[in-house]
Structure formats: C-alpha cells, structure tokens
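Enquirer: File follows, data-v6.txt with compact mmCIF, C-alpha atoms:
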# COMPACT_ATOMS: atom_id res chain seq x y z
CA MET A 29 10.96 -19.19 -36.29
CA VAL A 30 12.01 -15.80 -37.68
CA TYR A 31 9.77 -12.74 -37.58
CA SER A 32 10.20 -8.99 -37.87
CA VAL A 33 9.01 -5.82 -36.18
CA GLY A 34 9.80 -2.97 -38.56
CA GLU A 35 13.43 -3.39 -39.57
CA ASP A 36 14.24 -5.47 -36.51
CA ILE A 37 14.62 -9.16 -37.39
CA ARG A 38 14.19 -11.54 -34.45
CA ASP A 39 14.33 -15.25 -33.74
CA LEU A 40 11.68 -16.95 -31.62
CA LEU A 41 12.20 -20.51 -30.42
CA PHE A 42 9.46 -23.08 -29.91
CA ASP A 43 9.63 -26.73 -28.94
CA ILE A 44 8.07 -29.26 -31.30
CA TRP A 45 5.48 -30.96 -29.09
CA LYS A 46 3.79 -33.25 -31.61
CA ILE A 47 4.10 -34.18 -35.28
CA GLY A 48 1.03 -35.53 -37.03
CA ARG A 49 0.82 -38.11 -39.76
CA ILE A 50 1.66 -37.17 -43.34
CA GLN A 51 -1.45 -36.40 -45.39
CA GLN A 52 -1.56 -36.24 -49.18
CA LEU A 53 -3.30 -33.17 -50.56
CA ASN A 54 -5.76 -33.47 -53.43
CA SER A 55 -4.27 -32.40 -56.75
CA GLY A 56 -5.28 -32.34 -60.39
CA PRO A 57 -4.13 -34.87 -63.01
CA ASN A 58 -1.39 -32.54 -64.30
CA GLU A 59 -0.25 -31.23 -60.92
CA THR A 60 2.47 -32.54 -58.67
CA SER A 61 1.09 -34.16 -55.53
CA GLN A 62 1.88 -32.48 -52.22
CA ASN A 63 2.15 -33.78 -48.69
CA LEU A 64 0.92 -32.01 -45.57
CA ILE A 65 2.57 -32.48 -42.18
CA SER A 66 0.88 -30.91 -39.16
CA MET A 67 3.17 -29.87 -36.32
CA GLN A 68 2.25 -28.57 -32.88
CA PHE A 69 4.63 -26.14 -31.20
CA VAL A 70 4.70 -25.17 -27.54
CA ASP A 71 6.46 -22.49 -25.58
CA PRO A 72 9.90 -23.77 -24.43
CA TYR A 73 8.84 -22.95 -20.87
CA PHE A 74 5.84 -25.29 -21.03
CA THR A 75 7.69 -28.19 -19.38
CA PRO A 76 9.39 -26.25 -16.55
CA TYR A 77 6.15 -24.36 -15.83
CA GLY A 78 3.83 -27.31 -15.52
CA GLN A 79 5.66 -30.63 -15.14
CA ARG A 80 8.54 -30.21 -12.69
CA LYS A 81 7.84 -29.97 -8.96
CA TYR A 82 9.70 -28.17 -6.20
CA SER A 83 9.83 -27.57 -2.46
CA LYS A 84 11.19 -24.28 -1.14
CA SER A 85 10.40 -21.71 1.56
CA TRP A 86 10.56 -17.92 1.90
CA LYS A 87 10.43 -15.85 5.09
CA ASN A 88 8.64 -12.46 5.19
CA THR A 89 9.16 -11.87 1.46
CA LYS A 90 7.13 -9.79 -1.00
CA TYR A 91 4.65 -11.82 -3.04
CA SER A 92 6.09 -10.31 -6.23
CA SER A 93 9.65 -11.26 -5.20
CA ILE A 94 8.61 -14.86 -4.52
CA MET A 95 6.94 -15.13 -7.92
CA GLU A 96 9.95 -13.55 -9.63
CA ASP A 97 12.27 -15.99 -7.85
CA ILE A 98 10.15 -18.92 -9.04
CA LEU A 99 10.22 -17.68 -12.62
CA LYS A 100 13.97 -17.11 -12.65
CA ASN A 101 15.17 -20.19 -10.79
CA MET A 102 12.48 -22.83 -11.39
CA VAL A 103 11.19 -21.87 -14.84
CA PHE A 104 14.77 -20.85 -15.79
CA MET A 105 13.98 -17.35 -17.04
CA LYS A 106 17.19 -15.84 -15.62
CA THR A 107 18.20 -14.31 -18.95
CA GLN A 108 14.72 -13.10 -19.94
CA LYS A 109 13.45 -9.55 -19.58
CA MET A 110 10.80 -9.13 -16.88
CA ASN A 111 8.20 -6.50 -16.19
CA VAL A 112 7.22 -7.03 -12.57
CA GLU A 113 4.86 -4.89 -10.51
CA ASP A 114 6.09 -4.85 -6.93
CA SER A 115 3.64 -6.06 -4.33
CA SER A 116 2.92 -4.16 -1.12
CA ASN A 117 2.27 -7.24 1.02
CA TYR A 118 4.63 -9.92 2.35
CA SER A 119 4.32 -13.61 3.15
CA ASP A 120 5.93 -16.60 4.78
CA PHE A 121 5.47 -19.12 1.99
CA VAL A 122 6.34 -22.76 1.39
CA ILE A 123 5.99 -24.60 -1.91
CA PRO A 124 4.83 -28.08 -0.83
CA TYR A 125 6.19 -29.98 -3.83
CA TRP A 126 4.12 -28.02 -6.37
CA THR A 127 4.75 -27.16 -9.99
CA PRO A 128 5.79 -23.53 -10.59
CA ILE A 129 2.50 -22.69 -12.29
CA THR A 130 0.50 -24.00 -9.31
CA ALA A 131 2.57 -21.89 -6.90
CA ILE A 132 2.33 -18.76 -9.06
CA ARG A 133 -1.44 -19.08 -9.39
CA PHE A 134 -1.71 -19.42 -5.61
CA LEU A 135 0.41 -16.30 -5.07
CA MET A 136 -1.24 -14.21 -7.79
CA ARG A 137 -4.59 -14.39 -5.99
CA ARG A 138 -3.07 -13.02 -2.79
CA GLY A 139 -0.49 -10.48 -3.96
CA LYS A 140 -1.41 -6.78 -3.94
CA GLY A 141 0.38 -4.52 -6.42
CA ILE A 142 1.94 -1.28 -5.23
CA ARG A 143 1.17 0.70 -8.38
CA SER A 144 -2.42 -0.49 -8.81
CA GLY A 145 -3.22 -0.89 -5.11
CA THR A 146 -5.15 -4.08 -5.87
CA SER A 147 -4.72 -7.81 -6.29
CA GLY A 148 -5.53 -9.56 -9.56
CA TYR A 149 -2.02 -10.41 -10.82
CA LEU A 150 -1.53 -11.76 -14.34
CA CYS A 151 1.49 -13.64 -15.68
CA TYR A 152 1.98 -13.65 -19.45
CA ASN A 153 4.64 -13.29 -22.14
CA ASN A 154 4.87 -11.04 -25.19
CA THR A 155 7.49 -10.27 -27.81
CA GLN A 156 6.90 -6.58 -28.40
CA ASN A 157 10.34 -5.51 -27.14
CA GLY A 158 12.06 -8.87 -27.19
CA PHE A 159 10.73 -11.82 -25.23
CA THR A 160 9.33 -10.31 -22.02
CA THR A 161 7.62 -11.95 -19.08
CA ASN A 162 4.98 -9.73 -17.47
CA LEU A 163 3.89 -10.14 -13.86
CA ILE A 164 1.43 -7.32 -13.31
CA THR A 165 -2.09 -6.68 -12.03
CA MET A 166 -5.21 -6.28 -14.12
CA ASN A 167 -5.55 -2.64 -13.09
CA TYR A 168 -1.95 -2.01 -14.15
CA LEU A 169 -3.08 -2.96 -17.67
CA LEU A 170 -6.36 -1.06 -17.51
CA GLU A 171 -4.78 2.27 -16.65
CA ASP A 172 -3.09 4.10 -19.51
CA LEU A 173 0.68 3.97 -19.34
CA GLY A 174 1.25 5.92 -22.55
CA ARG A 175 3.45 3.23 -24.08
CA THR A 176 0.55 0.79 -24.38
CA ILE A 177 -1.89 2.89 -26.43
CA ASP A 178 -2.03 2.55 -30.22
CA LYS A 179 -1.81 6.09 -31.63
CA ASP A 180 -4.28 5.36 -34.46
CA ILE A 181 -8.03 5.14 -33.80
CA TYR A 182 -9.87 2.11 -35.18
CA TYR A 183 -13.10 2.81 -37.06
CA ILE A 184 -16.15 0.72 -37.87
CA ASP A 185 -18.22 1.57 -40.98
CA LYS A 186 -15.85 4.24 -42.25
CA ALA A 187 -14.54 3.42 -45.71
CA GLU A 188 -11.89 6.12 -46.06
CA VAL A 189 -9.67 5.01 -43.17
CA SER A 190 -6.32 3.39 -43.87
CA SER A 191 -6.28 -0.38 -44.34
CA LYS A 192 -4.14 -0.85 -41.21
CA ASN A 193 -7.05 -0.07 -38.89
CA LYS A 194 -9.93 -1.05 -41.15
CA ILE A 195 -12.10 -3.52 -39.25
CA MET A 196 -13.09 -6.13 -41.83
CA GLU A 197 -15.26 -8.25 -39.51
CA TRP A 198 -16.46 -7.96 -35.94
CA TRP A 199 -18.68 -9.81 -33.50
CA ILE A 200 -19.46 -9.72 -29.81
CA SER A 201 -19.11 -12.81 -27.66
CA GLY A 202 -21.88 -13.72 -25.24
CA VAL A 203 -21.95 -13.09 -21.51
CA ASP A 204 -20.12 -15.65 -19.37
CA LYS A 205 -23.06 -16.74 -17.23
CA THR A 206 -20.98 -19.18 -15.19
CA SER A 207 -19.22 -16.18 -13.61
CA ASN A 208 -22.44 -14.49 -12.57
CA SER A 209 -22.42 -15.74 -8.98
CA VAL A 210 -18.88 -14.47 -8.31
CA ILE A 211 -19.61 -11.06 -9.86
CA ARG A 212 -22.67 -10.59 -7.66
CA GLY A 213 -20.47 -10.93 -4.59
CA GLY A 214 -20.45 -13.32 -1.69
CA ILE A 215 -18.84 -14.31 1.59
CA TRP A 216 -15.27 -15.59 1.76
CA ARG A 217 -14.38 -17.55 4.88
CA GLY A 218 -10.96 -18.59 6.06
CA ILE A 219 -8.70 -19.55 8.94
CA ASP A 220 -5.94 -17.38 10.38
CA PHE A 221 -3.64 -20.04 11.84
CA SER A 222 -1.34 -17.50 13.48
CA LYS A 223 -4.21 -16.10 15.57
CA LYS A 224 -6.29 -19.30 15.61
CA THR A 225 -9.39 -17.44 14.50
CA LEU A 226 -12.11 -17.92 11.89
CA LEU A 227 -12.44 -15.16 9.29
CA ASN A 228 -15.41 -13.81 7.36
CA GLN A 229 -15.10 -11.30 4.54
CA GLU A 230 -18.07 -9.93 2.61
CA PHE A 231 -17.37 -8.80 -0.94
CA LYS A 232 -19.98 -6.90 -2.94
CA TYR A 233 -20.42 -6.01 -6.60
CA GLN A 234 -19.86 -2.37 -5.64
CA ASP A 235 -16.53 -3.29 -4.01
CA GLY A 236 -15.31 -4.64 -7.32
CA VAL A 237 -16.53 -1.57 -9.23
CA ASP A 238 -14.91 0.84 -6.77
CA ASN A 239 -11.51 -0.87 -7.03
CA THR A 240 -11.41 -1.37 -10.82
CA ILE A 241 -10.31 1.05 -13.54
CA MET A 242 -13.15 1.11 -16.08
CA LEU A 243 -12.73 1.82 -19.79
CA GLY A 244 -15.84 4.01 -19.67
CA LYS A 245 -18.23 5.87 -17.37
CA LYS A 246 -20.90 3.20 -16.76
CA THR A 247 -20.50 -0.39 -15.62
CA LEU A 248 -21.81 -3.29 -17.72
CA PHE A 249 -24.45 -4.29 -15.17
CA THR A 250 -26.80 -2.65 -12.74
CA ASP A 251 -26.17 -3.03 -9.00
CA ILE A 252 -26.47 -6.81 -8.74
CA ASP A 253 -25.17 -7.14 -5.18
CA ASP A 254 -26.11 -10.47 -3.60
CA ILE A 255 -23.68 -11.71 -0.95
CA LYS A 256 -25.63 -14.97 -0.75
CA SER A 257 -24.73 -15.70 -4.35
CA SER A 258 -21.43 -17.43 -3.53
CA ASN A 259 -19.75 -18.86 -0.46
CA ALA A 260 -16.04 -19.70 -0.58
CA LEU A 261 -13.71 -21.30 1.96
CA VAL A 262 -10.01 -20.38 2.01
CA THR A 263 -7.82 -22.43 4.32
CA ASP A 264 -5.06 -19.90 4.92
CA GLY A 265 -4.24 -16.26 5.38
CA ALA A 266 -5.38 -13.11 7.13
CA LEU A 267 -8.42 -10.90 6.51
CA GLU A 268 -6.56 -8.80 3.91
CA SER A 269 -5.69 -11.98 2.06
CA LEU A 270 -9.37 -12.93 1.88
CA PHE A 271 -10.25 -9.56 0.35
CA ASN A 272 -7.39 -9.89 -2.16
CA ILE A 273 -8.61 -13.35 -3.19
CA ALA A 274 -12.20 -12.13 -3.55
CA TYR A 275 -11.18 -9.15 -5.65
CA ASN A 276 -8.80 -11.25 -7.79
CA ASP A 277 -11.64 -13.62 -8.67
CA TRP A 278 -14.08 -10.74 -9.24
CA VAL A 279 -11.98 -8.56 -11.53
CA LYS A 280 -10.85 -11.41 -13.77
CA ARG A 281 -14.37 -12.74 -14.22
CA TYR A 282 -15.96 -9.32 -14.64
CA ASN A 283 -13.51 -8.33 -17.38
CA LEU A 284 -14.58 -11.33 -19.48
CA GLN A 285 -18.24 -10.31 -19.58
CA PHE A 286 -17.98 -8.17 -22.71
CA ILE A 287 -15.60 -9.54 -25.33
CA VAL A 288 -15.38 -8.03 -28.84
CA ASN A 289 -13.62 -9.75 -31.75
CA PHE A 290 -12.09 -7.79 -34.66
CA ILE A 291 -10.57 -9.08 -37.89
CA VAL A 292 -8.02 -6.57 -39.16
CA GLU A 293 -5.01 -6.44 -41.44
CA GLY A 294 -1.97 -7.84 -39.69
CA ASP A 295 0.49 -5.52 -37.99
CA GLU A 296 3.43 -6.88 -35.97
CA ARG A 297 3.37 -3.86 -33.65
CA ARG A 298 0.16 -4.98 -31.95
CA PHE A 299 0.52 -7.08 -28.81
CA ALA A 300 -1.50 -8.55 -25.96
CA GLY A 301 -1.87 -6.02 -23.16
CA GLN A 302 -2.01 -3.07 -25.56
CA GLN A 303 -4.90 -0.61 -25.57
CA ILE A 304 -6.65 0.69 -28.67
CA GLU A 305 -9.36 3.29 -29.22
CA VAL A 306 -12.43 2.46 -31.32
CA GLU A 307 -14.97 4.79 -32.93
CA TRP A 308 -18.27 3.18 -33.92
CA LYS A 309 -19.69 5.33 -36.74
CA SER A 310 -23.37 4.65 -37.30
CA PRO A 311 -25.61 7.69 -38.00
CA SER A 312 -28.80 5.83 -37.09
CA LEU A 313 -27.39 4.33 -33.88
CA ASN A 314 -25.86 7.22 -31.95
CA ASP A 315 -26.65 5.62 -28.58
CA PHE A 316 -24.92 2.44 -29.71
CA ASN A 317 -21.85 4.46 -30.69
CA ASP A 318 -21.79 6.34 -27.38
CA GLN A 319 -21.86 3.09 -25.43
CA LEU A 320 -19.27 1.10 -27.36
CA LYS A 321 -16.73 3.67 -28.49
CA GLY A 322 -13.64 4.18 -26.39
CA LYS A 323 -10.71 2.26 -25.01
CA TYR A 324 -10.37 -1.51 -25.46
CA LEU A 325 -7.71 -3.82 -24.04
CA ILE A 326 -6.23 -6.48 -26.34
CA LYS A 327 -6.61 -9.81 -24.55
CA SER A 328 -5.08 -11.98 -27.27
CA ILE A 329 -4.08 -11.97 -30.94
CA THR A 330 -4.39 -14.83 -33.40
CA HIS A 331 -2.43 -14.63 -36.66
CA GLU A 332 -3.61 -15.94 -40.02
CA PHE A 333 -1.44 -16.13 -43.14
CA VAL A 334 -3.00 -16.84 -46.53
CA GLY A 335 -0.60 -16.82 -49.45
CA ASN A 336 -3.09 -16.18 -52.23
CA GLY A 337 -5.61 -13.96 -50.43
CA ASN A 338 -6.40 -10.29 -50.99
CA VAL A 339 -5.12 -9.64 -47.48
CA PRO A 340 -2.26 -12.13 -46.99
CA TYR A 341 -1.80 -11.39 -43.30
CA LYS A 342 -4.77 -10.98 -40.95
CA GLN A 343 -5.11 -10.77 -37.18
CA ARG A 344 -8.01 -11.61 -34.94
CA LEU A 345 -8.03 -9.28 -31.95
CA VAL A 346 -9.91 -10.44 -28.87
CA LEU A 347 -10.73 -7.27 -26.95
CA ILE A 348 -11.95 -6.51 -23.43
CA LYS A 349 -14.44 -3.71 -22.85
CA ASN A 350 -15.31 -3.54 -19.15
CA ALA A 351 -17.56 -0.46 -19.17
CA TYR A 352 -19.73 1.61 -21.50
CA HIS A 353 -18.19 4.88 -22.60
CA ASP A 354 -21.51 6.53 -21.77
CA SER A 355 -25.13 5.42 -21.54
CA LYS A 356 -28.57 6.93 -21.10
CA CYS A 357 -29.54 3.99 -18.90
CA THR A 358 -29.94 5.43 -15.40
CA TYR A 359 -29.82 2.02 -13.73
CA LEU A 360 -26.16 1.33 -14.50
CA VAL A 361 -23.52 2.00 -11.86
CA ASP A 362 -21.16 4.96 -12.23
CA ALA A 363 -17.50 4.02 -12.48
CA LYS A 364 -15.25 5.44 -9.77
CA GLN A 365 -12.00 5.17 -11.75
CA THR A 366 -12.05 5.67 -15.52
CA ASN A 367 -9.74 5.52 -18.51
CA LEU A 368 -11.72 7.32 -21.19
CA PHE A 369 -11.84 7.69 -24.95
CA THR A 370 -10.27 11.03 -25.84
CA GLU A 371 -10.07 11.15 -29.68
CA ASN A 372 -6.36 11.96 -29.48
CA SER A 373 -4.95 9.14 -27.37
CA GLN A 374 -4.34 11.33 -24.33
CA VAL A 375 -4.79 9.86 -20.87
CA ILE A 376 -7.65 10.71 -18.53
CA ILE A 377 -7.83 8.92 -15.19
CA ARG A 378 -10.49 10.14 -12.83
CA LYS A 379 -10.43 8.93 -9.25
CA GLY A 380 -13.17 9.78 -6.78
Mind converting the file's structure to structure tokens?
Expert:
Amino acid sequence: MVYSVGEDIRDLLFDIWKIGRIQQLNSGPNETSQNLISMQFVDPYFTPYGQRKYSKSWKNTKYSSIMEDILKNMVFMKTQKMNVEDSSNYSDFVIPYWTPITAIRFLMRRGKGIRSGTSGYLCYNNTQNGFTTNLITMNYLLEDLGRTIDKDIYYIDKAEVSSKNKIMEWWISGVDKTSNSVIRGGIWRGIDFSKKTLLNQEFKYQDGVDNTIMLGKKTLFTDIDDIKSSNALVTDGALESLFNIAYNDWVKRYNLQFIVNFIVEGDERRFAGQQIEVEWKSPSLNDFNDQLKGKYLIKSITHEFVGNGNVPYKQRLVLIKNAYHDSKCTYLVDAKQTNLFTENSQVIIRKG
C-alpha cells in the first residue's frame, strides 16, 4: 500500500489475512460486467503479537524496559521507531509461556510512567512520522506536548470556515454503563508473596479525578464515590501495584464515557493520539457551547474513499472529551489538572 503525507511518499505493508469469494456486480445491458473481490488485511505484527508464546524472566527491571524488550525481541520490532515513556517502578517478572500481547497487557496495568506520574499505559502504532510504536500513559496523551495539537480550530455551524476543518456530520455516543461500577470506585485486594501479607486498597472516584489531566474544568459526573460498587482480587504485587491497577482500570473506562464522532474532509496529517480544539457556535445554546468547546483527543480515525462523491476522501474522527470546558452545574467535581481550550493552541496546564 502506498500513501502520502504532503510530498513524502511512503509504503505501508499489510498481510493478506483472508480473501473472500468473487462477486459479480450488477451492470446494465450495455455495460461491461465487473467482479468484486473482498480482501481483509491485518497488521504484519498480528501473528507475533497474539499467536506465538514465550517464557523469559527479568530481574529488578523497569516495567517500560520489559515491555520494550518484548516488543523488540518477541514481536520483532527491532528496526521500528519507538516512543516509550520510562516507568518509575521496577519488577521481577516471568512470562509463563504467554503471548506477547498477554504479557504487555499485564505489565501496562502495573507500570507507572515517570513523565505522567501515573499508570494507565497504552500500546498503539501510528504512521505520522513513519511507522512508530507508542508505549505511553493516558495522561501523557492528555497533556499538551505541543507537537500533538492541530493548529487549526474545528468549528460546528460556521459556514465560512475552510473545508479542511468543516464538520459535515457529528453525533455523540452513549454512556458506557458497563463501566459505571469501576468509575465509582471500589476495593482492590491482593497478596504480597514477598511479605506473606494480604493487601487492601480503596480507590475512590475522587482519586481518579485528582490523578487525571482533564480537557476542561468540570468532570463529566458528580461525586459518585461508592467503594462498595466493585471488589477486585489481584493475586500478585505490592500495595503500590494495587493502586496502579485500580487507576489503570479507572482512567481507561472514564475516558470512554463521552465519545464524539466527527465526519470531516480527509487530511493525512491527522493521527490517533493527536489533540484538536473545537468551537461549538450556537447563539441560542451558549451553555452548550461552554460545556463542549475545548480540547479533544483523537481516539481513532476511519478513512472512506468514494471516487464519484463531492468529497472523495472523508475521515471519521472518534474523539475523547473527558471533562466539560466549563459548566454552571454546581454539582460537578472541579478538575485538579486541566488542559484547556485557549483559542490559539497555546498550552495551559494547571496543577493544584
């Protein structure tokens, strides 16, 4: 597959995973019949990630270094660019004949990033600057690193803006109710084998709010603390590890509670993990605009190519909004760390 970013032409390789049956397309009496073959492509790392199994041990090694070692030597990414956030905690770790993806998921819940100061690691690939594997925390993405912000503001209901950022369609996905119990908080229990002790760690809604960078001033929910809402058992680790696991589960579920979908004209410079700023212009709904304007994080991008359409290349942006920019509702919780809408793409991080 060949694609371009500006004047830079690049090749991207995929494995053919499945080829469907040939289907004949309907055609008129004077038209040449055409055949359609459906093909499914997968990332070339699909097989080494999820089908091969390994056994290996590490002694007193950073969580991030273990994950990086797995990616390079078991998923065979030695020649690929990597963006890895160092972890501050260490582990004695053994892969007990697991697949790489199983081991990485286990480690991501327990690793604590140095830059972000939190757990909640993500592992994903993008092609913005060549094929790059990212191993970073959720808060690393939610802060503003300068390089990740789109310089142009996206507008809704404003006809004179350029077509590049014109939002042709939008809709808001519903709340993920299955995550409600984890977001409310709970008690995580575990066993510290080195000390032969039982562990209990309470984790509250407020704990998640305090440790998360919010793209706004007010959280999505009121204070819904209820430590009886969930009860989890972890069979390994120390007390810090329990807190890291609890926060990892909380931040990933919380950030899926408010998902916005945009249909826009395609632009190869957009990528997953990028931030954009949105202005909701609606004279009769100023409160609505104040709540929803601001920074959004691109979770994923789906591409659509239509040869004979008015807009031949479209993108569907799935966006995360984890806080209201501002709200008159006094029952919402104030964010402790914020990355705010600024109207000129400058960075504001407030910590308190």
Enquirer: Restricting the calculation to only C-alpha atoms: of A:Lys321, A:Val292, A:Leu99, A:Thr146, which residue gets closest to Val339 (chain A)?
Expert: A:Val292
Enquirer: Rounded to one decimal in Å, what is the spacing between CA of Asn259 (chain A) and CA of Ile211 (chain A)?
Expert: 12.2 Å
Enquirer: Nearest residue to Leu170 (chain A) out of A:Thr250, A:Ser115, A:Asn239, A:Gln68, using only C-alpha atoms?
Expert: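 Nearest candidate to Leu170 (chain A) out of A:Thr250, A:Ser115, A:Asn239, A:Gln68: A:Asn239.
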Enquirer: Leaving out Ser209 (chain A) and any residue of its chain fewer than 4 positions from it, which residues lie within 8 Å of it when counting all atoms listed in the file, given as a short mmCIF file (atom, residue, chain, number, x, y, z; two decimals) with C-alpha atoms, keeping the file's coordinate frame?
Expert:
data_model
loop_
_atom_site.label_atom_id
_atom_site.label_comp_id
_atom_site.auth_asym_id
_atom_site.auth_seq_id
_atom_site.Cartn_x
_atom_site.Cartn_y
_atom_site.Cartn_z
CA GLY A 213 -20.47 -10.93 -4.59
CA GLY A 214 -20.45 -13.32 -1.69
CA SER A 257 -24.73 -15.70 -4.35
CA SER A 258 -21.43 -17.43 -3.53
#
Enquirer: So, counting only C-alpha atoms, which residue among A:Leu163, A:Lys224, A:Val122, A:Arg138 is closest to Lys109 (chain A)?
Expert: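 Using only C-alpha atoms, Lys109 (chain A) sits closest to A:Leu163.
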Enquirer: Name the residues in contact with region 297-301 of chain A at a cut-off of 6 Å, using only C-alpha atoms, excluding same-chain residues fewer than 4 positions from it; report them as a count of residues only.
Expert: 3
Enquirer: If we count all atoms listed in the file, what is near Ser66 (chain A) at a cut-off of 8 Å, once residues fewer than 3 positions away on the same chain are taken out, given as a list in words?
Expert: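 Everything that qualifies: Ile47, Gly48, Arg49 and Ile50 of chain A.
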